[in-house]
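Novice: After the structure tokens below, expect a handful of questions from me.
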Amino acid sequence: MKEIGVDQITETVARLCQDATHNLPEDVVAALRRAESAEESPLAKRVLAEILDNAELARREMIPLCQDTGTTVVFAEVGQDVHIVGGALKDAINAGVAKGYTEGYLRKSIADKPFSARTNTQDNTPAVIHTEIVPGDKLKLAVMPKGGGCENMSRFAMLLPGAGKEGITDFVLRAVEESGGNPCPPVIVGVGIGGTAEYAMTLAKKGLTREVGKRSPDPETAQFEEELLEKVNALGLGPQAVGGRNTALAVHIETYPTHITALPVAVNLQCHSARLKSAEL
């Protein structure tokens, strides 16, 4: 049994919060460069160049990639042979978010009493935490600061099984098209198919943690991702919705078995500032 202290978790989360908000992952930068190279619209090409300039400036000057430093979403893969000592995992993660956002002078965007007072919590807590028990003696933490513009464009539908791929395709395309420039394209489109209503939404969010453009290990799903990406980019929204061929950098589909009467489908969009950093303890 491996013991991991809560102080180590707090310090790691604090570091990841600041790293994620300042340094765009290399896979995202590479995808943006490919998009700029392939883009045919002069205006869209200029927008992509400015996005890349912004990423370099944020890295060099250690300033946030975006003023909206988001809801802090944390994925925690907890090895079944790990023992958290000194406190609770949830409390340790939230302490790390509070430390990272206050000491990093990051915008605090979380409002308590969501349907009434909407009082700012002043430290961006609580985080939205997804935990999964996995084999081994490691704790993997992935921090995703999720901006409001793209998160607000989330969509869910409980389709009938007969809708099939065509129904899913229509739903995904409608979700992207209706979002317009709100999620700051080019986006990454996370799609969750199957499970139950809440699990499909989690699958869609989890899809955003995959390396940009890395296909599903399931050949049928991988083929569907390619088809959807082509159709999404054929919408012509383009970077920041100025028009162009690069509306999305990738479509990532995650699936799970579902009930014989149902076809749950969720869409979660990630903006071009696809912030994600992880660590393993």
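Just so we're on the same page: first chain in the structure tokens is A, next is B, and so on; residues restart at 1 for each chain, and ligands are numbered from 1 in the order they show up.
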At most 10 Å is the cut-off: for each residue in segment 90-186 of chain A with any atom that close to an atom of segment 267-271 of chain A, write down the nearest atom pair and the distance in Å rounded to one decimal, counting only C-alpha atoms, chain first then increasing number, as a Markdown table.

Specialist:
| residue | atom | partner | partner_atom | distance |
| --- | --- | --- | --- | --- |
| A:Lys146 | CA | A:Gln270 | CA | 7.6 |
| A:Gly147 | CA | A:Cys271 | CA | 7.7 |
| A:Gly148 | CA | A:Cys271 | CA | 9.7 |
| A:Gly149 | CA | A:Cys271 | CA | 8.0 |
| A:Cys150 | CA | A:Leu269 | CA | 5.6 |
| A:Glu151 | CA | A:Leu269 | CA | 6.5 |
| A:Asn152 | CA | A:Leu269 | CA | 8.8 |
| A:Met153 | CA | A:Leu269 | CA | 6.8 |
| A:Ser154 | CA | A:Asn268 | CA | 4.8 |
| A:Arg155 | CA | A:Val267 | CA | 5.2 |
| A:Phe156 | CA | A:Val267 | CA | 6.3 |
| A:Ala157 | CA | A:Val267 | CA | 9.0 |
| A:Phe171 | CA | A:Val267 | CA | 8.7 |
| A:Val172 | CA | A:Val267 | CA | 6.7 |
| A:Leu173 | CA | A:Val267 | CA | 9.9 |
| A:Ala175 | CA | A:Val267 | CA | 7.3 |
| A:Val176 | CA | A:Leu269 | CA | 8.1 |
| A:Ser179 | CA | A:Leu269 | CA | 9.3 |
| A:Gly181 | CA | A:Cys271 | CA | 9.8 |
| A:Asn182 | CA | A:Cys271 | CA | 9.0 |
| A:Pro183 | CA | A:Cys271 | CA | 5.4 |
| A:Cys184 | CA | A:Cys271 | CA | 5.2 |
| A:Pro185 | CA | A:Cys271 | CA | 5.8 |
| A:Pro186 | CA | A:Cys271 | CA | 6.7 |

Novice: Please produce an output containing C-alpha atoms for each residue in the selection, written as a CSV table (one decimal), in the first residue's frame.

Specialist:
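The result, written out as result13.csv:
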chain,number,residue,atom,x,y,z
A,146,LYS,CA,-12.9,25.1,-18.4
A,147,GLY,CA,-14.0,28.5,-19.7
A,148,GLY,CA,-17.6,29.6,-19.5
A,149,GLY,CA,-18.0,30.4,-23.2
A,150,CYS,CA,-17.4,26.8,-24.3
A,151,GLU,CA,-19.0,25.1,-21.3
A,152,ASN,CA,-22.2,27.1,-21.8
A,153,MET,CA,-22.5,25.5,-25.3
A,154,SER,CA,-22.8,21.9,-23.8
A,155,ARG,CA,-25.8,19.9,-25.2
A,156,PHE,CA,-27.5,16.7,-24.3
A,157,ALA,CA,-30.1,14.6,-26.0
A,171,PHE,CA,-27.2,16.5,-33.2
A,172,VAL,CA,-23.5,17.1,-33.1
A,173,LEU,CA,-23.5,19.3,-36.1
A,175,ALA,CA,-24.7,21.8,-31.5
A,176,VAL,CA,-21.6,23.1,-33.1
A,179,SER,CA,-22.8,27.6,-30.8
A,181,GLY,CA,-18.3,31.9,-32.0
A,182,ASN,CA,-19.3,31.5,-28.3
A,183,PRO,CA,-16.9,28.6,-27.6
A,184,CYS,CA,-14.0,30.4,-29.4
A,185,PRO,CA,-13.3,28.0,-32.3
A,186,PRO,CA,-11.4,26.2,-33.5

Novice: For Glu11 of chain A, find every residue with an atom within 9 Å (counting only C-alpha atoms), except residues of its own chain fewer than 5 positions away, and show them as a PDB file with N, CA and C atoms, in the first residue's frame.

Specialist:
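Saved to out.pdb:
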ATOM      1  N   VAL A   6      -1.739  14.445   1.862  1.00  0.00           N
ATOM      2  CA  VAL A   6      -2.608  15.458   1.273  1.00  0.00           C
ATOM      3  C   VAL A   6      -1.840  16.736   0.917  1.00  0.00           C
ATOM      4  N   LEU A  16      -0.394  22.656 -11.011  1.00  0.00           N
ATOM      5  CA  LEU A  16      -1.067  22.333 -12.263  1.00  0.00           C
ATOM      6  C   LEU A  16      -2.053  23.426 -12.674  1.00  0.00           C
ATOM      7  N   ALA A  92      -8.097  18.108  -0.173  1.00  0.00           N
ATOM      8  CA  ALA A  92      -6.738  18.397  -0.633  1.00  0.00           C
ATOM      9  C   ALA A  92      -6.754  19.025  -2.020  1.00  0.00           C
ATOM     10  N   ILE A  93      -7.610  18.508  -2.904  1.00  0.00           N
ATOM     11  CA  ILE A  93      -7.716  19.069  -4.254  1.00  0.00           C
ATOM     12  C   ILE A  93      -8.238  20.502  -4.200  1.00  0.00           C
ATOM     13  N   ALA A  95      -8.067  22.592  -1.742  1.00  0.00           N
ATOM     14  CA  ALA A  95      -7.036  23.452  -1.153  1.00  0.00           C
ATOM     15  C   ALA A  95      -5.994  23.833  -2.203  1.00  0.00           C
ATOM     16  N   GLY A  96      -5.678  22.878  -3.090  1.00  0.00           N
ATOM     17  CA  GLY A  96      -4.729  23.160  -4.158  1.00  0.00           C
ATOM     18  C   GLY A  96      -5.271  24.158  -5.153  1.00  0.00           C
ATOM     19  N   LYS A  99      -5.125  27.590  -3.507  1.00  0.00           N
ATOM     20  CA  LYS A  99      -3.742  28.077  -3.458  1.00  0.00           C
ATOM     21  C   LYS A  99      -3.269  28.510  -4.843  1.00  0.00           C
ATOM     22  N   GLY A 100      -3.545  27.682  -5.846  1.00  0.00           N
ATOM     23  CA  GLY A 100      -3.099  28.001  -7.191  1.00  0.00           C
ATOM     24  C   GLY A 100      -3.714  29.271  -7.733  1.00  0.00           C
TER      25      GLY A 100
END

Novice: Taking the backbone alone, and naming residues the way the document does, which bits of segment 125-176 of chain A are alpha helix (DSSP H) by DSSP, as a list in words?

Specialist: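 Result set for segment 125-176 of chain A (alpha helix (DSSP H)): Gly148, Gly149, Cys150, Glu151, Gly164, Lys165, Glu166, Gly167, Ile168, Thr169, Asp170, Phe171, Val172, Leu173, Arg174, Ala175 and Val176 of chain A.
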
Novice: Choose the residue, out of A:Leu263, A:Val251, A:Met201, A:Met144, that has the smallest atom-to-atom separation from Pro25 of chain A; count only C-alpha atoms.

Specialist: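 Nearest candidate to Pro25 of chain A out of A:Leu263, A:Val251, A:Met201, A:Met144: A:Met144.
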
Novice: Between atom CA of Asp218 of chain A and atom CA of Val189 of chain A, measure the distance and give it in Å to one decimal.

Specialist: 17.7 Å

Novice: Which residues, written as a list in words, have at least one atom at most 8 Å from Leu249 of chain A, with only C-alpha atoms counted and residues fewer than 6 positions away on the same chain left out?

Specialist: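 Everything that qualifies: Ala31, Leu32, Ala35, Pro186, Val187, Ile188, Val212, Gly213 and Leu229 of chain A.
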
Novice: Hey, can you check how far atom CA of Leu139 of chain A sits from atom CA of Ala127 of chain A?

Specialist: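 Value for the atom CA of Leu139 of chain A-atom CA of Ala127 of chain A distance: 17.3 Å.
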
Novice: With only C-alpha atoms as the basis for distance, which of A:Cys17, A:Ile168, A:Leu237, A:Ala55 is at the shortest distance from Ala30 of chain A?

Specialist: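 Going through A:Cys17, A:Ile168, A:Leu237, A:Ala55 one by one, the smallest distance to Ala30 of chain A is for A:Ala55.
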
Novice: Counting only C-alpha atoms, which of A:Thr121, A:Thr21, A:Asn54, A:Thr169 gets nearest to Leu106 of chain A?

Specialist: A:Thr21

Novice: Please, what distance in Å, to one decimal, runs between atom CA of His272 of chain A and atom CA of Phe224 of chain A?

Specialist: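 Separation between atom CA of His272 of chain A and atom CA of Phe224 of chain A: 21.9 Å.
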
Novice: Restricting the calculation to only C-alpha atoms, which member of A:Arg275, A:Glu178, A:Gly190, A:Gln80 is positioned closest to Asp27 of chain A?

Specialist: A:Arg275

Novice: Using only C-alpha atoms, pick whichever of A:Ser116, A:Arg59, A:Gly180, A:Gln8 has the shortest atom-to-atom distance to Val242 of chain A.

Specialist: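 Once distances to Val242 of chain A are computed over only C-alpha atoms, the minimum belongs to A:Gly180.
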
Novice: Identify, with DSSP run on backbone atoms, the residues in segment 6-230 of chain A assigned to strand (DSSP E or B), and express the list as a PyMOL selection string.

Specialist: chain A and resi 71-79+82-85+111-112+119-120+128-134+139-146+155-159+187-195

Novice: Counting only C-alpha atoms, figure out which residue out of A:Phe115, A:Gly195, A:Glu77, A:Met158 gets nearest to His259 of chain A.

Specialist: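 Distance minimum relative to His259 of chain A lands on A:Gly195.
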
Novice: With only C-alpha atoms as the counted atoms, please give the residues lying no more than 9 Å from Gly236 of chain A, apart from itself and same-chain residues fewer than 4 positions off, as a list in words.

Specialist: Val232, Ala241, Val242, Gly243, Gly244, Arg245, Asn246 and Thr247 of chain A

Novice: Mind running segment 3-57 of chain A against segment 276-279 of chain A at 10 Å and telling me each contacting residue's nearest atom pair with the distance in Å (one decimal), counting only C-alpha atoms, chain and number ascending, as CSV?

Specialist:
residue,atom,partner,partner_atom,distance
A:Ile9,CA,A:Ala279,CA,9.9
A:Thr12,CA,A:Ala279,CA,7.5
A:Val13,CA,A:Ala279,CA,8.6
A:Arg15,CA,A:Lys277,CA,9.4
A:Leu16,CA,A:Lys277,CA,5.8
A:Cys17,CA,A:Lys277,CA,7.8
A:Gln18,CA,A:Lys277,CA,9.4
A:Asp19,CA,A:Lys277,CA,6.9
A:Ala20,CA,A:Lys277,CA,5.3
A:Thr21,CA,A:Leu276,CA,8.2
A:Asn23,CA,A:Lys277,CA,8.8
A:Leu24,CA,A:Leu276,CA,7.7
A:Pro25,CA,A:Leu276,CA,6.9
A:Val28,CA,A:Leu276,CA,9.7

Novice: Residues of the last selection are to be written out with C-alpha atoms, as a PDB file, in the first residue's frame.

Specialist:
ATOM      1  CA  ILE A   9      -1.669  16.583  -3.502  1.00  0.00           C
ATOM      2  CA  THR A  12       0.609  19.429  -7.092  1.00  0.00           C
ATOM      3  CA  VAL A  13      -2.872  20.728  -7.873  1.00  0.00           C
ATOM      4  CA  ARG A  15       1.105  23.934  -9.604  1.00  0.00           C
ATOM      5  CA  LEU A  16      -1.067  22.333 -12.263  1.00  0.00           C
ATOM      6  CA  CYS A  17      -3.644  25.127 -12.018  1.00  0.00           C
ATOM      7  CA  GLN A  18      -1.024  27.754 -12.777  1.00  0.00           C
ATOM      8  CA  ASP A  19       0.752  25.668 -15.403  1.00  0.00           C
ATOM      9  CA  ALA A  20      -2.489  24.911 -17.241  1.00  0.00           C
ATOM     10  CA  THR A  21      -3.653  28.520 -17.369  1.00  0.00           C
ATOM     11  CA  ASN A  23       1.098  27.042 -20.939  1.00  0.00           C
ATOM     12  CA  LEU A  24      -0.881  25.596 -23.819  1.00  0.00           C
ATOM     13  CA  PRO A  25      -0.109  21.859 -24.248  1.00  0.00           C
ATOM     14  CA  VAL A  28      -2.779  21.732 -28.972  1.00  0.00           C
TER      15      VAL A  28
END
